[in-house]
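Raw contents of upload32.cif, mmCIF, C-alpha atoms and all ligand atoms:
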data_run
#
loop_
_atom_site.label_atom_id
_atom_site.label_comp_id
_atom_site.auth_asym_id
_atom_site.auth_seq_id
_atom_site.Cartn_x
_atom_site.Cartn_y
_atom_site.Cartn_z
CA MET A 860 -10.63 -9.33 1.56
CA ILE A 861 -10.10 -7.29 -1.60
CA LYS A 862 -11.93 -8.67 -4.63
CA ILE A 863 -11.85 -7.59 -8.26
CA ARG A 864 -14.87 -8.02 -10.50
CA ARG A 865 -16.49 -6.59 -13.61
CA ALA A 866 -18.30 -3.28 -13.05
CA ASN A 867 -22.04 -3.05 -13.68
CA ILE A 868 -24.60 -0.28 -13.84
CA ASP A 869 -25.45 -0.53 -10.14
CA ASP A 870 -21.85 0.37 -9.29
CA LEU A 871 -21.90 3.73 -11.07
CA LYS A 872 -22.94 5.85 -8.11
CA GLU A 873 -19.98 4.64 -6.07
CA ILE A 874 -17.58 4.82 -9.04
CA TYR A 875 -18.63 8.44 -9.57
CA ARG A 876 -18.17 9.21 -5.86
CA ILE A 877 -14.58 7.92 -6.04
CA GLU A 878 -14.00 9.77 -9.33
CA LYS A 879 -15.09 13.11 -7.81
CA GLU A 880 -12.89 12.76 -4.74
CA SER A 881 -9.91 11.65 -6.84
CA PHE A 882 -9.63 14.16 -9.69
CA PRO A 883 -9.78 17.97 -9.99
CA ASP A 884 -11.48 17.44 -13.39
CA PRO A 885 -13.58 14.28 -12.91
CA TYR A 886 -15.11 12.46 -15.84
CA PRO A 887 -18.84 13.17 -16.07
CA TYR A 888 -21.21 10.48 -14.79
CA GLY A 889 -22.49 9.90 -18.34
CA LEU A 890 -19.01 9.14 -19.65
CA LEU A 891 -18.26 6.72 -16.82
CA LYS A 892 -21.58 5.07 -17.72
CA ALA A 893 -20.84 4.99 -21.45
CA PHE A 894 -17.65 2.98 -20.91
CA LEU A 895 -19.80 0.16 -19.47
CA PHE A 896 -21.14 -0.32 -22.99
CA HIS A 897 -17.81 0.12 -24.76
CA PRO A 898 -15.79 -2.98 -25.62
CA GLY A 899 -12.94 -3.35 -23.16
CA VAL A 900 -12.34 -3.92 -19.49
CA TYR A 901 -14.16 -2.12 -16.67
CA LEU A 902 -13.33 -3.43 -13.23
CA VAL A 903 -14.14 -2.53 -9.65
CA ALA A 904 -12.29 -3.46 -6.47
CA THR A 905 -14.48 -4.30 -3.47
CA ILE A 906 -14.00 -5.00 0.19
CA ASN A 907 -16.97 -6.62 1.93
CA GLU A 908 -19.07 -5.69 -1.15
CA LYS A 909 -18.14 -1.98 -0.80
CA ILE A 910 -16.65 -0.46 -3.93
CA ILE A 911 -13.21 0.98 -3.17
CA GLY A 912 -11.74 1.51 -6.62
CA TYR A 913 -12.21 1.18 -10.34
CA CYS A 914 -10.19 0.91 -13.54
CA ILE A 915 -11.19 1.26 -17.20
CA GLY A 916 -9.16 -0.03 -20.15
CA ILE A 917 -9.99 -0.22 -23.85
CA ILE A 918 -8.31 -1.56 -26.98
CA ARG A 919 -7.06 0.95 -29.52
CA ASN A 920 -5.53 0.22 -32.94
CA GLU A 921 -6.14 -3.51 -32.45
CA ASN A 922 -3.32 -4.18 -30.01
CA ILE A 923 -2.83 -1.19 -27.73
CA GLY A 924 -4.44 -1.51 -24.33
CA HIS A 925 -5.26 2.05 -23.30
CA ILE A 926 -5.82 2.63 -19.60
CA ILE A 927 -8.50 5.32 -19.52
CA SER A 928 -8.75 5.84 -15.78
CA ILE A 929 -7.90 4.35 -12.41
CA ALA A 930 -8.83 5.59 -8.95
CA VAL A 931 -8.99 4.21 -5.43
CA ASP A 932 -11.16 5.46 -2.55
CA LYS A 933 -9.06 7.84 -0.39
CA ASP A 934 -9.62 5.71 2.72
CA TYR A 935 -8.25 2.58 1.05
CA ARG A 936 -5.14 3.85 -0.70
CA ARG A 937 -1.62 2.51 -0.19
CA ARG A 938 -2.85 -1.02 0.45
CA GLY A 939 -2.10 -2.44 -2.98
CA VAL A 940 -5.60 -1.90 -4.41
CA GLY A 941 -4.35 0.26 -7.32
CA THR A 942 -1.67 -2.31 -8.16
CA ILE A 943 -4.07 -5.24 -8.27
CA LEU A 944 -6.68 -3.26 -10.24
CA LEU A 945 -4.16 -2.17 -12.84
CA LYS A 946 -2.51 -5.58 -13.18
CA THR A 947 -5.89 -7.31 -13.55
CA THR A 948 -7.00 -4.76 -16.15
CA ILE A 949 -3.79 -5.38 -18.12
CA ASN A 950 -4.25 -9.17 -17.92
CA GLU A 951 -7.83 -8.85 -19.17
CA LEU A 952 -6.79 -6.48 -21.99
CA MET A 953 -4.17 -9.04 -23.04
CA LYS A 954 -6.97 -11.59 -23.44
CA LEU A 955 -8.62 -9.09 -25.83
CA GLY A 956 -5.44 -8.88 -27.91
CA ALA A 957 -3.43 -6.07 -26.32
CA LYS A 958 0.31 -6.39 -26.85
CA LYS A 959 1.34 -3.09 -25.28
CA PHE A 960 -0.27 -0.66 -22.91
CA ARG A 961 -0.57 3.11 -22.82
CA ILE A 962 -1.45 5.51 -20.06
CA GLU A 963 -1.36 9.30 -19.71
CA VAL A 964 -0.68 10.96 -16.40
CA ARG A 965 -0.32 14.56 -15.16
CA GLU A 966 3.36 15.33 -14.69
CA SER A 967 2.58 16.46 -11.11
CA ASN A 968 0.93 13.13 -10.21
CA ILE A 969 4.04 11.58 -8.67
CA ILE A 970 2.05 8.89 -6.82
CA ALA A 971 0.42 7.56 -9.98
CA ILE A 972 3.73 7.75 -11.89
CA LYS A 973 5.34 5.63 -9.15
CA LEU A 974 2.56 3.06 -9.39
CA TYR A 975 2.96 2.82 -13.17
CA GLU A 976 6.76 2.60 -12.97
CA LYS A 977 6.47 -0.13 -10.35
CA ILE A 978 4.35 -2.14 -12.78
CA GLY A 979 6.87 -1.55 -15.60
CA PHE A 980 5.50 1.43 -17.53
CA LYS A 981 8.16 3.73 -18.98
CA GLU A 982 7.89 7.35 -20.09
CA LYS A 983 7.72 7.73 -23.86
CA GLU A 984 6.80 11.37 -24.42
CA ARG A 985 5.41 14.50 -22.85
CA ILE A 986 2.46 16.42 -24.30
CA PRO A 987 2.28 20.06 -23.17
CA ASN A 988 -1.20 21.52 -22.57
CA TYR A 989 -2.80 18.09 -22.61
CA TYR A 990 -5.15 18.83 -19.71
CA SER A 991 -7.77 21.59 -19.67
CA ASP A 992 -5.81 23.58 -17.06
CA GLY A 993 -2.71 23.51 -19.27
CA GLU A 994 -0.80 20.80 -17.43
CA THR A 995 1.60 18.57 -19.36
CA ALA A 996 0.83 14.86 -19.74
CA ILE A 997 3.45 12.16 -19.50
CA VAL A 998 2.62 9.32 -21.89
CA MET A 999 3.84 5.98 -20.56
CA PHE A 1000 4.01 2.59 -22.25
CA LEU A 1001 4.33 -0.99 -21.01
CA GLU A 1002 5.42 -3.78 -23.36
CA GLN A 1003 3.69 -7.13 -22.88
CA GLU A 1004 6.99 -8.92 -22.25
CA ASN A 1005 7.74 -6.55 -19.36
CA HIS A 1006 4.44 -7.29 -17.63
CA GLN A 1007 4.48 -9.64 -14.65
CA LYS A 1008 1.07 -11.19 -14.31
C1 LIG B 1 -2.84 6.38 -8.00
C2 LIG B 1 -3.76 5.50 -7.13
C3 LIG B 1 -4.77 4.80 -8.02
C4 LIG B 1 -2.87 4.44 -6.43
O1 LIG B 1 -3.73 3.54 -5.74
P1 LIG B 1 -3.25 2.75 -4.44
O2 LIG B 1 -4.23 1.68 -4.16
O3 LIG B 1 -2.99 3.71 -3.34
O4 LIG B 1 -1.86 2.15 -4.95
P2 LIG B 1 -1.00 0.97 -4.31
O5 LIG B 1 -1.27 0.85 -2.84
O6 LIG B 1 -1.16 -0.24 -5.15
O7 LIG B 1 0.48 1.56 -4.49
C5 LIG B 1 1.30 1.18 -5.57
C6 LIG B 1 2.55 2.05 -5.59
O8 LIG B 1 2.22 3.40 -5.89
C7 LIG B 1 3.13 4.27 -5.16
N1 LIG B 1 2.36 4.99 -4.15
C8 LIG B 1 1.06 4.81 -3.80
N2 LIG B 1 0.71 5.71 -2.86
C9 LIG B 1 1.80 6.47 -2.63
C10 LIG B 1 2.06 7.57 -1.77
N3 LIG B 1 1.12 8.09 -0.97
N4 LIG B 1 3.30 8.12 -1.79
C11 LIG B 1 4.27 7.63 -2.61
N5 LIG B 1 4.07 6.56 -3.45
C12 LIG B 1 2.86 6.01 -3.46
C13 LIG B 1 4.12 3.36 -4.49
O9 LIG B 1 5.20 3.12 -5.41
C14 LIG B 1 3.30 2.11 -4.30
O10 LIG B 1 4.08 0.95 -4.14
P3 LIG B 1 4.60 0.55 -2.66
O11 LIG B 1 3.40 0.60 -1.75
O12 LIG B 1 5.14 -0.82 -2.86
O13 LIG B 1 5.64 1.58 -2.30
C15 LIG B 1 -4.45 6.33 -6.01
O14 LIG B 1 -3.47 7.08 -5.33
C16 LIG B 1 -5.52 7.26 -6.55
O15 LIG B 1 -6.67 6.89 -6.71
N6 LIG B 1 -5.14 8.52 -6.81
C17 LIG B 1 -6.10 9.52 -7.34
C18 LIG B 1 -6.50 9.21 -8.75
C19 LIG B 1 -5.32 9.20 -9.69
O16 LIG B 1 -4.40 10.02 -9.61
N7 LIG B 1 -5.32 8.24 -10.63
C20 LIG B 1 -4.32 8.11 -11.66
C21 LIG B 1 -4.68 8.99 -12.80
S1 LIG B 1 -3.54 8.88 -14.15
#
Rewrite the structure of this file - the entire thing - as C-alpha cells.
Amino acid sequence: MIKIRRANIDDLKEIYRIEKESFPDPYPYGLLKAFLFHPGVYLVATINEKIIGYCIGIIRNENIGHIISIAVDKDYRRRGVGTILLKTTINELMKLGAKKFRIEVRESNIIAIKLYEKIGFKEKERIPNYYSDGETAIVMFLEQENHQK
C-alpha cells in the first residue's frame, strides 16, 4: 500500500537516488538536505517502507505555495504516486496559509505538464532560458478554489 509521510534525514539517500535518475540536472544532495530544515512541506511516498517518491513545497510571499520538486522512482510511475504526493503537498501547504500554488516545468516535460493539468494547474507564462541548458520554463498556477482535496 502506498503511504505518504514527512521526510526525514534518514530518507535522503533514497531521495537523492530518485532525484538522480529523474532529472538531467539533479539538485545536489546538500540542497535536498537543506530543504528538510526549511519551513514548508517535504513528503515521501513509500511502499512497504521503501521510498518511491518525494515532493517539496515551500511558502513564498505569505500565500503562494511553491512546488520546488517532485519525482517518482522509475519503477513505480504511472500508478498514481505523483498525483497523491502532489495533492497531499498542496493540502499541507494550504494548512500553512497557501492560497495559490506555483510550479515551473520544462516545456519538453509533457508527462509532468499532464500531471499538473490533471490536478488543475494552468499555464501562466513562459520564461525562456530558465534552465541551465537554455530550455524554456512553463510557469503554472493553481488557485485554491480549483483544488480538489
Ligand atoms: C512527473 C512524475 C512525478 C509523475 O509521477 P507518476 O507517479 O508517474 O504520476 P501519476 O501516475 O500520478 O500520473 C498522473 C498523470 O500524469 C500523466 N502521466 C503520467 N505518466 C505519463 C506517461 N508516461 N505518459 C503520459 N502521461 C503520463 C497522466 O495524465 C497521468 O494521469 P492518468 O494516469 O490518469 O492518465 C514522474 O513521471 C517523474 O518522476 N518524472 C521525472 C521527474 C519530473 O519530471 N518531475 C517533474 C519536474 S517539474
Which residue, A:Arg938, A:Lys973, A:Arg961, A:Lys879, has the smallest gap to Ile917 (chain A) when you use all atoms listed in the file?
A:Arg961
With the cut-off set at 10 Å and counting only C-alpha atoms and all ligand atoms, tabulate each residue of chain A with an atom at most that distance from an atom of ligand LIG 1 (chain B), showing the nearest atom pair and its distance in Å to one decimal, ordered by chain and increasing number, as CSV.
residue,atom,partner,partner_atom,distance
A:Ile877,CA,B:LIG1,O15,8.0
A:Glu878,CA,B:LIG1,C18,7.5
A:Lys879,CA,B:LIG1,C18,9.5
A:Glu880,CA,B:LIG1,C17,8.0
A:Ser881,CA,B:LIG1,C17,4.4
A:Phe882,CA,B:LIG1,C18,5.9
A:Pro883,CA,B:LIG1,C18,9.4
A:Pro885,CA,B:LIG1,C18,9.7
A:Ala904,CA,B:LIG1,O2,9.8
A:Ile911,CA,B:LIG1,O2,9.1
A:Gly912,CA,B:LIG1,O15,7.4
A:Tyr913,CA,B:LIG1,C3,8.6
A:Cys914,CA,B:LIG1,C3,8.7
A:Ile926,CA,B:LIG1,S1,8.6
A:Ile927,CA,B:LIG1,S1,8.1
A:Ser928,CA,B:LIG1,C21,5.9
A:Ile929,CA,B:LIG1,N7,5.0
A:Ala930,CA,B:LIG1,O15,3.4
A:Val931,CA,B:LIG1,O15,3.8
A:Asp932,CA,B:LIG1,O15,6.3
A:Lys933,CA,B:LIG1,O15,6.8
A:Asp934,CA,B:LIG1,O3,9.2
A:Tyr935,CA,B:LIG1,O2,6.6
A:Arg936,CA,B:LIG1,O3,3.4
A:Arg937,CA,B:LIG1,O5,3.1
A:Arg938,CA,B:LIG1,O5,4.1
A:Gly939,CA,B:LIG1,O6,3.2
A:Val940,CA,B:LIG1,O2,3.8
A:Gly941,CA,B:LIG1,O2,3.5
A:Thr942,CA,B:LIG1,O6,3.7
A:Ile943,CA,B:LIG1,O6,6.6
A:Leu944,CA,B:LIG1,O6,8.1
A:Leu945,CA,B:LIG1,O6,8.5
A:Lys946,CA,B:LIG1,O6,9.7
A:Ile962,CA,B:LIG1,S1,7.1
A:Glu963,CA,B:LIG1,S1,6.0
A:Val964,CA,B:LIG1,S1,4.2
A:Arg965,CA,B:LIG1,S1,6.6
A:Glu966,CA,B:LIG1,S1,9.5
A:Ser967,CA,B:LIG1,O16,9.6
A:Asn968,CA,B:LIG1,O16,6.2
A:Ile969,CA,B:LIG1,C11,7.2
A:Ile970,CA,B:LIG1,C12,4.5
A:Ala971,CA,B:LIG1,C1,4.0
A:Ile972,CA,B:LIG1,O8,7.6
A:Lys973,CA,B:LIG1,O9,4.5
A:Leu974,CA,B:LIG1,O8,3.5
A:Tyr975,CA,B:LIG1,O8,7.3
A:Glu976,CA,B:LIG1,O9,7.7
A:Lys977,CA,B:LIG1,O9,6.0
A:Ile978,CA,B:LIG1,C5,8.5
A:Ala996,CA,B:LIG1,S1,9.3
A:Ile997,CA,B:LIG1,S1,9.4
A:Val998,CA,B:LIG1,S1,9.9
Which residues are near Asn867 (chain A)? Cut-off 12 Å, all atoms listed in the file, ignore same chain within fewer than 3 positions. Put them as a ChimeraX atom specification.
/A:864,870-874,891-896,900-903,910,913
Residues within 12 Å of Gly899 (chain A), only C-alpha atoms, excluding chain neighbours under 3 positions, as a ChimeraX atom specification:
/A:865-866,893-896,902,914-919,921-927,948-957
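The spacing separating CA of Glu908 (chain A) from CA of Gly889 (chain A) amounts to 23.5 Å.
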Atomic distance CA of Met999 (chain A) - CA of Tyr875 (chain A), expressed in Å with one decimal:
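Those two atoms sit 25.1 Å apart.
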